[in-house]
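Everything on this sheet refers to the single structure shown next.
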Amino acid sequence: MMDNLQQRIIELRQRIDKAARANGRTAEDITMLAVSKTVDVEIAEEAYNLGVRDFGENRVQEFKKKKAHIPDARWHMIGRMQTNKVKDVVGKAFLIHSMDRWNLAEELDKRGQYLQIEVPVLLQVNVSGEEQKAGVEVKDIENFLDSAGQLSSLRICGFMTMAPLSSNSEESRPVFKELFEIYSRLQKKEYSNVNLKYLSMGMTQDFEVAIEEGSNIVRIGRALFA
Ligand SMILES: *Cc1c(COP(=O)(O)O)cnc(C)c1O
């Protein structure tokens, strides 16, 4: 007898694989990031024991707590960060997806220099340009990458975006398409401290569309832990 969580993991991997095959990839090419922000650490641990290796949290406090409990998983920070919380995350996160502004980049870099480590991050992009949304605007991406050379510990490894919330995943497609196009174009350019290899796009509502449009990290909460 399989429990429900195991069933959901298997089904999600199948859906990821199917979407990946639409553009010549397989589930192996896609990281399924389990967003455990709504569940207790015991449930996250159950997922870990079922083979899930990547977990995302959007609050520093929860990130710290769950990482301490399951230290062998790869813990990703995916939520808005205050600059005074940087020390709780640098050196502890496998990847910070929510690097959304220059002063945060500076603080992350400062902490990385102090610890003498590299700080892998994704630049969060506000593709749809909604005012209340975090992230740099599309027109500022290249400027940001140009300036990354000043931050010797920071490593910009790709982009993250959130599509507008909606009930129809097709509404996300143009957003994902646009960021993939920018990602592909800028991969061919040389910037210091930049190596674009991750594209973190897609959540429960739209992960299949995101994968079809080139995402290689999907952040899944509700479909896994509901
Ligand atoms: C909560 C969250 C997710 C997961 O959303 P679901 O709709 O539950 O899959 C993904 N990304 C970020 C940044 C989140 O905060």
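Letters A, B, ... mark the chains of the structure tokens in the order given; residue numbers begin at 1 per chain; ligand numbers begin at 1, in order shown.
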
Quick one: which chain A residues come within 9 Å of ligand 1, and what is the nearest atom pair for each with the distance in Å to one decimal, counting only C-alpha atoms and all ligand atoms, rows ordered by chain and ascending number, as JSON lines?
{"residue": "A:Leu33", "atom": "CA", "partner": "ligand 1", "partner_atom_place_in_ligand_line": "10 (C)", "distance": 8.7}
{"residue": "A:Ala34", "atom": "CA", "partner": "ligand 1", "partner_atom_place_in_ligand_line": "4 (C)", "distance": 8.0}
{"residue": "A:Val35", "atom": "CA", "partner": "ligand 1", "partner_atom_place_in_ligand_line": "4 (C)", "distance": 5.5}
{"residue": "A:Ser36", "atom": "CA", "partner": "ligand 1", "partner_atom_place_in_ligand_line": "1 (C)", "distance": 8.2}
{"residue": "A:Lys37", "atom": "CA", "partner": "ligand 1", "partner_atom_place_in_ligand_line": "1 (C)", "distance": 6.7}
{"residue": "A:Thr38", "atom": "CA", "partner": "ligand 1", "partner_atom_place_in_ligand_line": "1 (C)", "distance": 8.1}
{"residue": "A:Gly56", "atom": "CA", "partner": "ligand 1", "partner_atom_place_in_ligand_line": "11 (N)", "distance": 8.0}
{"residue": "A:Glu57", "atom": "CA", "partner": "ligand 1", "partner_atom_place_in_ligand_line": "15 (O)", "distance": 7.4}
{"residue": "A:Asn58", "atom": "CA", "partner": "ligand 1", "partner_atom_place_in_ligand_line": "15 (O)", "distance": 5.5}
{"residue": "A:Arg59", "atom": "CA", "partner": "ligand 1", "partner_atom_place_in_ligand_line": "15 (O)", "distance": 8.9}
{"residue": "A:Met77", "atom": "CA", "partner": "ligand 1", "partner_atom_place_in_ligand_line": "13 (C)", "distance": 8.6}
{"residue": "A:Ile78", "atom": "CA", "partner": "ligand 1", "partner_atom_place_in_ligand_line": "13 (C)", "distance": 4.9}
{"residue": "A:Gly79", "atom": "CA", "partner": "ligand 1", "partner_atom_place_in_ligand_line": "13 (C)", "distance": 5.4}
{"residue": "A:Arg80", "atom": "CA", "partner": "ligand 1", "partner_atom_place_in_ligand_line": "13 (C)", "distance": 8.3}
{"residue": "A:His97", "atom": "CA", "partner": "ligand 1", "partner_atom_place_in_ligand_line": "13 (C)", "distance": 8.1}
{"residue": "A:Ser98", "atom": "CA", "partner": "ligand 1", "partner_atom_place_in_ligand_line": "13 (C)", "distance": 7.6}
{"residue": "A:Met160", "atom": "CA", "partner": "ligand 1", "partner_atom_place_in_ligand_line": "13 (C)", "distance": 8.8}
{"residue": "A:Thr161", "atom": "CA", "partner": "ligand 1", "partner_atom_place_in_ligand_line": "13 (C)", "distance": 8.2}
{"residue": "A:Met162", "atom": "CA", "partner": "ligand 1", "partner_atom_place_in_ligand_line": "13 (C)", "distance": 6.9}
{"residue": "A:Ser200", "atom": "CA", "partner": "ligand 1", "partner_atom_place_in_ligand_line": "11 (N)", "distance": 9.0}
{"residue": "A:Met201", "atom": "CA", "partner": "ligand 1", "partner_atom_place_in_ligand_line": "11 (N)", "distance": 8.3}
{"residue": "A:Gly202", "atom": "CA", "partner": "ligand 1", "partner_atom_place_in_ligand_line": "10 (C)", "distance": 7.4}
{"residue": "A:Met203", "atom": "CA", "partner": "ligand 1", "partner_atom_place_in_ligand_line": "9 (O)", "distance": 4.2}
{"residue": "A:Thr204", "atom": "CA", "partner": "ligand 1", "partner_atom_place_in_ligand_line": "9 (O)", "distance": 3.6}
{"residue": "A:Gln205", "atom": "CA", "partner": "ligand 1", "partner_atom_place_in_ligand_line": "7 (O)", "distance": 5.9}
{"residue": "A:Asp206", "atom": "CA", "partner": "ligand 1", "partner_atom_place_in_ligand_line": "7 (O)", "distance": 8.5}
{"residue": "A:Phe207", "atom": "CA", "partner": "ligand 1", "partner_atom_place_in_ligand_line": "9 (O)", "distance": 8.4}
{"residue": "A:Val218", "atom": "CA", "partner": "ligand 1", "partner_atom_place_in_ligand_line": "10 (C)", "distance": 7.9}
{"residue": "A:Arg219", "atom": "CA", "partner": "ligand 1", "partner_atom_place_in_ligand_line": "10 (C)", "distance": 4.6}
{"residue": "A:Ile220", "atom": "CA", "partner": "ligand 1", "partner_atom_place_in_ligand_line": "9 (O)", "distance": 3.8}
{"residue": "A:Gly221", "atom": "CA", "partner": "ligand 1", "partner_atom_place_in_ligand_line": "8 (O)", "distance": 3.4}
{"residue": "A:Arg222", "atom": "CA", "partner": "ligand 1", "partner_atom_place_in_ligand_line": "8 (O)", "distance": 3.8}
{"residue": "A:Ala223", "atom": "CA", "partner": "ligand 1", "partner_atom_place_in_ligand_line": "9 (O)", "distance": 6.1}
{"residue": "A:Leu224", "atom": "CA", "partner": "ligand 1", "partner_atom_place_in_ligand_line": "9 (O)", "distance": 7.8}
{"residue": "A:Phe225", "atom": "CA", "partner": "ligand 1", "partner_atom_place_in_ligand_line": "8 (O)", "distance": 8.1}
{"residue": "A:Ala226", "atom": "CA", "partner": "ligand 1", "partner_atom_place_in_ligand_line": "8 (O)", "distance": 8.2}

Output C-alpha atoms for every residue in the selection just made, as a compact mmCIF listing (two decimals), in the first residue's frame.
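Result file is part-v3.txt:
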# COMPACT_ATOMS: atom_id res chain seq x y z
CA LEU A 33 11.69 21.59 -5.54
CA ALA A 34 9.28 20.60 -2.76
CA VAL A 35 7.94 23.80 -1.19
CA SER A 36 7.37 22.69 2.39
CA LYS A 37 6.33 26.09 3.80
CA THR A 38 2.83 24.91 4.74
CA GLY A 56 12.15 25.30 -0.60
CA GLU A 57 11.09 27.64 2.18
CA ASN A 58 10.02 31.26 1.87
CA ARG A 59 10.66 32.36 5.45
CA MET A 77 15.45 29.98 -0.06
CA ILE A 78 12.60 31.15 -2.27
CA GLY A 79 11.01 34.05 -0.39
CA ARG A 80 11.62 37.75 0.10
CA HIS A 97 16.08 32.04 -5.67
CA SER A 98 14.83 35.38 -4.40
CA MET A 160 13.60 32.93 -11.09
CA THR A 161 10.18 34.32 -11.80
CA MET A 162 6.62 34.06 -10.58
CA SER A 200 13.31 28.49 -11.75
CA MET A 201 9.79 28.87 -13.15
CA GLY A 202 6.51 27.13 -12.46
CA MET A 203 4.46 26.22 -9.40
CA THR A 204 1.45 23.98 -8.82
CA GLN A 205 -0.78 26.05 -11.10
CA ASP A 206 1.54 26.18 -14.09
CA PHE A 207 4.60 23.92 -13.79
CA VAL A 218 9.82 23.84 -10.61
CA ARG A 219 8.70 24.90 -7.14
CA ILE A 220 5.80 22.75 -6.03
CA GLY A 221 3.86 23.19 -2.82
CA ARG A 222 0.14 22.46 -2.91
CA ALA A 223 0.22 19.62 -5.44
CA LEU A 224 2.63 17.76 -3.19
CA PHE A 225 1.55 18.62 0.33
CA ALA A 226 -2.12 19.49 -0.04

Contacts of Tyr191 in chain A at 8 Å or less, counting only C-alpha atoms, minus same-chain residues fewer than 2 places along, as a PDB file with all heavy atoms, in the first residue's frame?
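Dumped everything to selection-v8.pdb:
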ATOM      1  N   LEU A 145      23.595  42.139 -14.330  1.00  0.00           N
ATOM      2  CA  LEU A 145      24.626  41.139 -14.612  1.00  0.00           C
ATOM      3  C   LEU A 145      25.979  41.807 -14.848  1.00  0.00           C
ATOM      4  O   LEU A 145      27.018  41.299 -14.416  1.00  0.00           O
ATOM      5  CB  LEU A 145      24.239  40.279 -15.822  1.00  0.00           C
ATOM      6  CG  LEU A 145      22.944  39.461 -15.692  1.00  0.00           C
ATOM      7  CD1 LEU A 145      22.778  38.550 -16.913  1.00  0.00           C
ATOM      8  CD2 LEU A 145      22.905  38.629 -14.412  1.00  0.00           C
ATOM      9  N   ASP A 146      25.955  42.960 -15.513  1.00  0.00           N
ATOM     10  CA  ASP A 146      27.193  43.713 -15.721  1.00  0.00           C
ATOM     11  C   ASP A 146      27.844  44.066 -14.393  1.00  0.00           C
ATOM     12  O   ASP A 146      29.065  43.997 -14.240  1.00  0.00           O
ATOM     13  CB  ASP A 146      26.886  45.040 -16.455  1.00  0.00           C
ATOM     14  CG  ASP A 146      26.909  44.879 -17.959  1.00  0.00           C
ATOM     15  OD1 ASP A 146      27.684  44.035 -18.439  1.00  0.00           O
ATOM     16  OD2 ASP A 146      26.151  45.605 -18.638  1.00  0.00           O
ATOM     17  N   ALA A 148      27.523  42.540 -11.513  1.00  0.00           N
ATOM     18  CA  ALA A 148      27.822  41.402 -10.639  1.00  0.00           C
ATOM     19  C   ALA A 148      29.326  41.200 -10.462  1.00  0.00           C
ATOM     20  O   ALA A 148      29.774  40.660  -9.444  1.00  0.00           O
ATOM     21  CB  ALA A 148      27.189  40.127 -11.183  1.00  0.00           C
ATOM     22  N   GLY A 149      30.111  41.672 -11.414  1.00  0.00           N
ATOM     23  CA  GLY A 149      31.563  41.568 -11.329  1.00  0.00           C
ATOM     24  C   GLY A 149      32.142  42.282 -10.110  1.00  0.00           C
ATOM     25  O   GLY A 149      33.224  41.943  -9.633  1.00  0.00           O
ATOM     26  N   LYS A 189      26.549  35.442 -23.559  1.00  0.00           N
ATOM     27  CA  LYS A 189      27.419  36.574 -23.226  1.00  0.00           C
ATOM     28  C   LYS A 189      28.317  36.219 -22.043  1.00  0.00           C
ATOM     29  O   LYS A 189      28.021  35.307 -21.285  1.00  0.00           O
ATOM     30  CB  LYS A 189      26.567  37.793 -22.851  1.00  0.00           C
ATOM     31  CG  LYS A 189      25.764  38.359 -23.997  1.00  0.00           C
ATOM     32  CD  LYS A 189      25.370  39.782 -23.651  1.00  0.00           C
ATOM     33  CE  LYS A 189      24.645  40.476 -24.778  1.00  0.00           C
ATOM     34  NZ  LYS A 189      24.429  41.905 -24.417  1.00  0.00           N
ATOM     35  N   ASN A 193      31.279  36.468 -12.615  1.00  0.00           N
ATOM     36  CA  ASN A 193      30.440  35.962 -11.510  1.00  0.00           C
ATOM     37  C   ASN A 193      29.033  35.553 -11.953  1.00  0.00           C
ATOM     38  O   ASN A 193      28.110  35.504 -11.130  1.00  0.00           O
ATOM     39  CB  ASN A 193      30.343  36.967 -10.350  1.00  0.00           C
ATOM     40  CG  ASN A 193      31.711  37.336  -9.814  1.00  0.00           C
ATOM     41  OD1 ASN A 193      32.637  36.522  -9.866  1.00  0.00           O
ATOM     42  ND2 ASN A 193      31.860  38.553  -9.326  1.00  0.00           N
ATOM     43  N   VAL A 194      28.881  35.306 -13.225  1.00  0.00           N
ATOM     44  CA  VAL A 194      27.578  34.891 -13.751  1.00  0.00           C
ATOM     45  C   VAL A 194      27.764  33.612 -14.567  1.00  0.00           C
ATOM     46  O   VAL A 194      28.647  33.540 -15.416  1.00  0.00           O
ATOM     47  CB  VAL A 194      26.960  35.984 -14.659  1.00  0.00           C
ATOM     48  CG1 VAL A 194      25.658  35.509 -15.282  1.00  0.00           C
ATOM     49  CG2 VAL A 194      26.744  37.277 -13.873  1.00  0.00           C
ATOM     50  N   ASN A 195      26.949  32.608 -14.267  1.00  0.00           N
ATOM     51  CA  ASN A 195      26.931  31.381 -15.067  1.00  0.00           C
ATOM     52  C   ASN A 195      25.484  30.894 -15.109  1.00  0.00           C
ATOM     53  O   ASN A 195      25.000  30.271 -14.174  1.00  0.00           O
ATOM     54  CB  ASN A 195      27.858  30.335 -14.434  1.00  0.00           C
ATOM     55  CG  ASN A 195      27.783  29.001 -15.151  1.00  0.00           C
ATOM     56  OD1 ASN A 195      27.282  28.909 -16.276  1.00  0.00           O
ATOM     57  ND2 ASN A 195      28.271  27.954 -14.504  1.00  0.00           N
TER      58      ASN A 195
END

Practice prompt. Would you list, as a list of chain:residue names, the residues of range 131-222 of chain A that end up in strand (DSSP E) under DSSP run on this structure's backbone?
Written response: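 Answer for range 131-222 of chain A restricted to strand (DSSP E) is A:Val136, A:Glu137, A:Leu154, A:Arg155, A:Ile156, A:Cys157, A:Gly158, A:Phe159, A:Met160, A:Val194, A:Asn195, A:Leu196, A:Lys197, A:Tyr198, A:Leu199, A:Ser200, A:Ile217, A:Val218, A:Arg219, A:Ile220.
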
Could you save those same residues with C-alpha atoms as an mmCIF file, in the first residue's frame?
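Okay, result-v6.cif is ready:
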data_model
loop_
_atom_site.group_PDB
_atom_site.id
_atom_site.type_symbol
_atom_site.label_atom_id
_atom_site.label_comp_id
_atom_site.auth_asym_id
_atom_site.auth_seq_id
_atom_site.Cartn_x
_atom_site.Cartn_y
_atom_site.Cartn_z
ATOM 1 C CA VAL A 136 14.114 43.324 -11.075
ATOM 2 C CA GLU A 137 12.440 44.526 -14.229
ATOM 3 C CA LEU A 154 28.194 36.299 -5.427
ATOM 4 C CA ARG A 155 27.464 33.780 -8.182
ATOM 5 C CA ILE A 156 24.405 34.468 -10.319
ATOM 6 C CA CYS A 157 23.399 31.007 -11.572
ATOM 7 C CA GLY A 158 20.185 31.864 -13.381
ATOM 8 C CA PHE A 159 16.772 33.471 -13.072
ATOM 9 C CA MET A 160 13.599 32.935 -11.089
ATOM 10 C CA VAL A 194 27.578 34.891 -13.751
ATOM 11 C CA ASN A 195 26.931 31.381 -15.067
ATOM 12 C CA LEU A 196 23.351 30.997 -16.236
ATOM 13 C CA LYS A 197 22.302 27.373 -15.815
ATOM 14 C CA TYR A 198 19.104 27.430 -13.766
ATOM 15 C CA LEU A 199 15.699 28.730 -14.706
ATOM 16 C CA SER A 200 13.307 28.490 -11.749
ATOM 17 C CA ILE A 217 13.499 23.986 -11.586
ATOM 18 C CA VAL A 218 9.820 23.836 -10.612
ATOM 19 C CA ARG A 219 8.702 24.904 -7.138
ATOM 20 C CA ILE A 220 5.796 22.750 -6.032
#

Practice prompt. Quick one: pick out all alpha helix (DSSP H) residues within range 32-196 of chain A from a backbone DSSP run and write them as a PyMOL selection string.
Written response: chain A and resi 41-49+60-69+102-115+141-147+173-187

Worksheet item: Between CA of Lys133 in chain A and CA of Val86 in chain A, what is the spacing in Å?
Response: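 CA of Lys133 in chain A lies at a distance of 20.6 Å from CA of Val86 in chain A.
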
Worksheet item: Near Ile30 in chain A, within 9 Å and counting only C-alpha atoms, which residues show up once chain neighbours fewer than 5 positions away are dropped, as number ranges by chain?
Response: A: 16-17, 20, 25, 211, 215-218
